[in-house]
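*Asks:* First, the structure itself, so that you have it in front of you.
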2 protein chains.
Amino acid sequence: MENKIKIILADDEQLFRKGIRFLLEKEECFDVIFEAENGQELIDFISTTEEFPDIILMDLKMPEVNGVEATKIIHKTHSDIRIIALTSYGGKSFITNMIDVGASSYLLKNTSPKTVVHTIQEVHDKGFYYDDEVMKTIHENLLSSSGKRIKCDLDKKLLSKREIEVLELICAQYTTSQIAEKLFISPRTVDGHRNNLLLKTQSKNVAGLVIYGIQKKLIEISPDF
Amino acid sequence: MENKIKIILADDEQLFRKGIRFLLEKEECFDVIFEAENGQELIDFISTTEEFPDIILMDLKMPEVNGVEATKIIHKTHSDIRIIALTSYGGKSFITNMIDVGASSYLLKNTSPKTVVHTIQEVHDKGFYYDDEVMKTIHENLLSSSGKRIKCDLDKKLLSKREIEVLELICAQYTTSQIAEKLFISPRTVDGHRNNLLLKTQSKNVAGLVIYGIQKKLIEISPDF
DNA sequence: TGAAAATCAGGTATTAATACCTATTGTAAA
DNA sequence: TTTACAATAGGTATTAATACCTGATTTTCA
């Protein structure tokens, strides 16, 4: 068969890539043409290659450029490439966010190989597909008030780049003056940013900012074992 | 060949399990006898089966019972079973922690299938094996050990009941005097508790305390969905 | 291009947090 | 019955955070 579905895997874990590559290549109709270990590598490949993929399996958590950003960029420039999010995180905001930036499907890593194969075929044929479990989450999200959605969208746009930088450093336990040094700006400016952060996130103090940062995944916290 | 190396996979991501299972079963000498999707399932299997594995590939982040706890328990009761940590977290504390509770090796998910195969064989033959990259981390840790060990011990010291109460209220964005009111104690006492918290958790300020609380799950944060 | 937003930065207060002290009491374990 | 530690609380400083002003550039975008 000539018309194999051309697939790219984007995931920072080599072992996972190799594993799923084997699972996919058991199928006659799939051809894994490239593996990227981060978003930048993926974008670089797409922008230089002459062999475009039909499908990209995209992890969200990747160094350099994450899955959401990569999806956003690739979807803008190559809207014919279908992107399937493939991640271990099943939070509503991630699902809706990924779909928002152009993903055609959303798979949890804790699904069966069969489901992955089926999803790829469906996405290739119809342009989209959602697993029952993911569909349920989407459904719940639609149910839970259109009011919250607007708030959610506002929330995301709320913080500026600089504010996020400051927030990250606050969460890293730096003081105002230390942050000022690191960003090469006046402590006063940092003060202003922190103030805006408190206002925008409706927090009372740094404790609130840290919680906000973690909730919004602006800050990564290493899990405790 | 009769003497295949019997392997158990413990990981919460089904896709990852299936993928690595294929990679391993390409090797003649490996036999994957069981897959567990969390620590409890693994412990249950070990304690009821009559077919013991030679090797367990153990993820750290798992629901119910995590990889560290599972390793601790299994190593105590079945010290002949070799446990290889297989995770995406490469932090020093994770590595030394796992070795401390009985792991024979530590692999990052971002390694090649070849390395995994080699590690399993080495661990089965010699009882231990460390990849160059991991060895480097261990080496670095040993270099800077004597001073930090004490800190590690402090880290393990539990917080008292009262301290946890105070920590919760700090995370809830209350000020010292507000906390004092709520607990019917003097602000000074709260001050002392907060100070002890900073010492015990090795934090610089409330930001550190909040992160500690969330990491240790002393504080629940409602996800942003 | 013109308006809106982001970024920068200064002044002046007040309040809160943090760093060192010391010391009493009760309780639980060795 | 010592020992240890948790919980209590006071004193005295210093530093950091927060509140409320103001205004000047630069960027972005419709």
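The chains in the structure tokens are called A, B, ... from first to last as shown; in each chain the residues are counted from 1, and the ligands are counted from 1 in the order shown.
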Would you mind listing, for every residue of chain A within 10 Å of chain D, the two atoms forming the shortest contact and the distance between them in Å to one decimal, using only C-alpha atoms (C1' of nucleotides), sorted by chain and ascending residue number, as CSV?
*Replies:*
residue,atom,partner,partner_atom,distance
A:Thr175,CA,D:DA16,C1',7.4
A:Thr176,CA,D:DA16,C1',7.8
A:Ser177,CA,D:DA16,C1',9.3
A:Asp191,CA,D:DA17,C1',8.8
A:Arg194,CA,D:DT18,C1',9.4
A:Asn195,CA,D:DT18,C1',7.8
A:Leu198,CA,D:DT18,C1',9.6
A:Lys204,CA,D:DT18,C1',9.2
A:Asn205,CA,D:DT18,C1',8.2
A:Val206,CA,D:DA17,C1',8.8
*Asks:* Counting only C-alpha atoms (C1' of nucleotides), a student should be able to say which residues of chain C come within 12 Å of chain B; what is the right answer, written as a ChimeraX atom specification?
*Replies:* /C:15-20
*Asks:* Dump N, CA, C and O atoms (P, O5', C5', C4', C3', O3' and C1' of nucleotides) for the selected residues as a PDB file, in the first residue's frame?
*Replies:*
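The resulting file, again_12.pdb, is reproduced below:
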ATOM      1  P    DT C  15      -0.531  50.555  59.974  1.00  0.00           P
ATOM      2  O5'  DT C  15      -0.310  49.063  59.462  1.00  0.00           O
ATOM      3  C5'  DT C  15      -0.815  48.668  58.187  1.00  0.00           C
ATOM      4  C4'  DT C  15      -0.115  47.397  57.736  1.00  0.00           C
ATOM      5  C3'  DT C  15      -0.004  46.313  58.821  1.00  0.00           C
ATOM      6  O3'  DT C  15      -0.536  45.130  58.274  1.00  0.00           O
ATOM      7  C1'  DT C  15       2.083  46.658  57.795  1.00  0.00           C
ATOM      8  P    DA C  16      -0.655  43.829  59.236  1.00  0.00           P
ATOM      9  O5'  DA C  16       0.394  42.842  58.559  1.00  0.00           O
ATOM     10  C5'  DA C  16       0.702  42.981  57.178  1.00  0.00           C
ATOM     11  C4'  DA C  16       1.844  42.065  56.796  1.00  0.00           C
ATOM     12  C3'  DA C  16       1.990  40.808  57.658  1.00  0.00           C
ATOM     13  O3'  DA C  16       2.185  39.713  56.782  1.00  0.00           O
ATOM     14  C1'  DA C  16       4.019  42.067  57.700  1.00  0.00           C
ATOM     15  P    DA C  17       2.544  38.293  57.362  1.00  0.00           P
ATOM     16  O5'  DA C  17       4.131  38.257  57.207  1.00  0.00           O
ATOM     17  C5'  DA C  17       4.691  38.611  55.945  1.00  0.00           C
ATOM     18  C4'  DA C  17       6.198  38.506  55.992  1.00  0.00           C
ATOM     19  C3'  DA C  17       6.751  37.195  56.543  1.00  0.00           C
ATOM     20  O3'  DA C  17       7.782  36.774  55.670  1.00  0.00           O
ATOM     21  C1'  DA C  17       7.691  39.016  57.709  1.00  0.00           C
ATOM     22  P    DT C  18       8.348  35.299  55.775  1.00  0.00           P
ATOM     23  O5'  DT C  18       9.677  35.554  56.607  1.00  0.00           O
ATOM     24  C5'  DT C  18      10.688  36.377  56.049  1.00  0.00           C
ATOM     25  C4'  DT C  18      11.730  36.707  57.080  1.00  0.00           C
ATOM     26  C3'  DT C  18      12.288  35.525  57.872  1.00  0.00           C
ATOM     27  O3'  DT C  18      13.651  35.369  57.507  1.00  0.00           O
ATOM     28  C1'  DT C  18      11.966  37.434  59.229  1.00  0.00           C
ATOM     29  P    DA C  19      14.603  34.346  58.272  1.00  0.00           P
ATOM     30  O5'  DA C  19      15.251  35.235  59.418  1.00  0.00           O
ATOM     31  C5'  DA C  19      15.948  36.422  59.071  1.00  0.00           C
ATOM     32  C4'  DA C  19      16.822  36.842  60.242  1.00  0.00           C
ATOM     33  C3'  DA C  19      17.468  35.693  61.013  1.00  0.00           C
ATOM     34  O3'  DA C  19      18.796  36.085  61.364  1.00  0.00           O
ATOM     35  C1'  DA C  19      16.153  36.979  62.482  1.00  0.00           C
ATOM     36  P    DC C  20      19.930  35.023  61.659  1.00  0.00           P
ATOM     37  O5'  DC C  20      20.319  35.353  63.141  1.00  0.00           O
ATOM     38  C5'  DC C  20      19.513  34.824  64.180  1.00  0.00           C
ATOM     39  C4'  DC C  20      19.578  35.740  65.356  1.00  0.00           C
ATOM     40  C3'  DC C  20      19.668  34.968  66.658  1.00  0.00           C
ATOM     41  O3'  DC C  20      21.020  35.002  67.121  1.00  0.00           O
ATOM     42  C1'  DC C  20      17.948  36.646  66.750  1.00  0.00           C
TER      43       DC C  20
END
*Asks:* Quick check: residues of chain A within 7 Å of chain B, only C-alpha atoms, returned as a PyMOL selection string.
*Replies:* chain A and resi 12-16+19-20+22-23+91-93+109-113+171+173+204-208+210+215-216+223-225
*Asks:* What gap, in Å, lies between atom CA of Ile74 of chain A and atom CA of Asp59 of chain A?
*Replies:*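 It comes out at 14.0 Å.
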*Asks:* Measure the distance from atom CA of Asn38 of chain B to atom CA of Ile83 of chain B in Å and round it to one decimal.
*Replies:*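 Taking atom CA of Asn38 of chain B as the start and atom CA of Ile83 of chain B as the end point, the length is 14.7 Å.
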*Asks:* Return as an NGL selection string the full set of residues in segment 18-206 of chain B whose backbone-based DSSP assignment is strand (DSSP E or B).
*Replies:* :B and (30-36 or 55-58 or 82-87 or 105-108)
*Asks:* Determine the nearest neighbour of Asp100 of chain B from the options B:Lys72, B:Arg82, B:Lys4, B:Lys136, counting only C-alpha atoms.
*Replies:*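 Of B:Lys72, B:Arg82, B:Lys4, B:Lys136, the one nearest Asp100 of chain B is B:Lys72, counting only C-alpha atoms.
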*Asks:* Just asking: which residues within segment 22-225 of chain A are helix (DSSP H, G or I) according to DSSP, as a PyMOL selection string?
*Replies:* chain A and resi 22-25+39-48+67-77+92-101+113-126+132-143+146-158+161-171+176-183+187-200+206-215
*Asks:* Tell me, in Å to one decimal, how far atom CA of Ile46 of chain A is from atom CA of His118 of chain A.
*Replies:* 24.6 Å
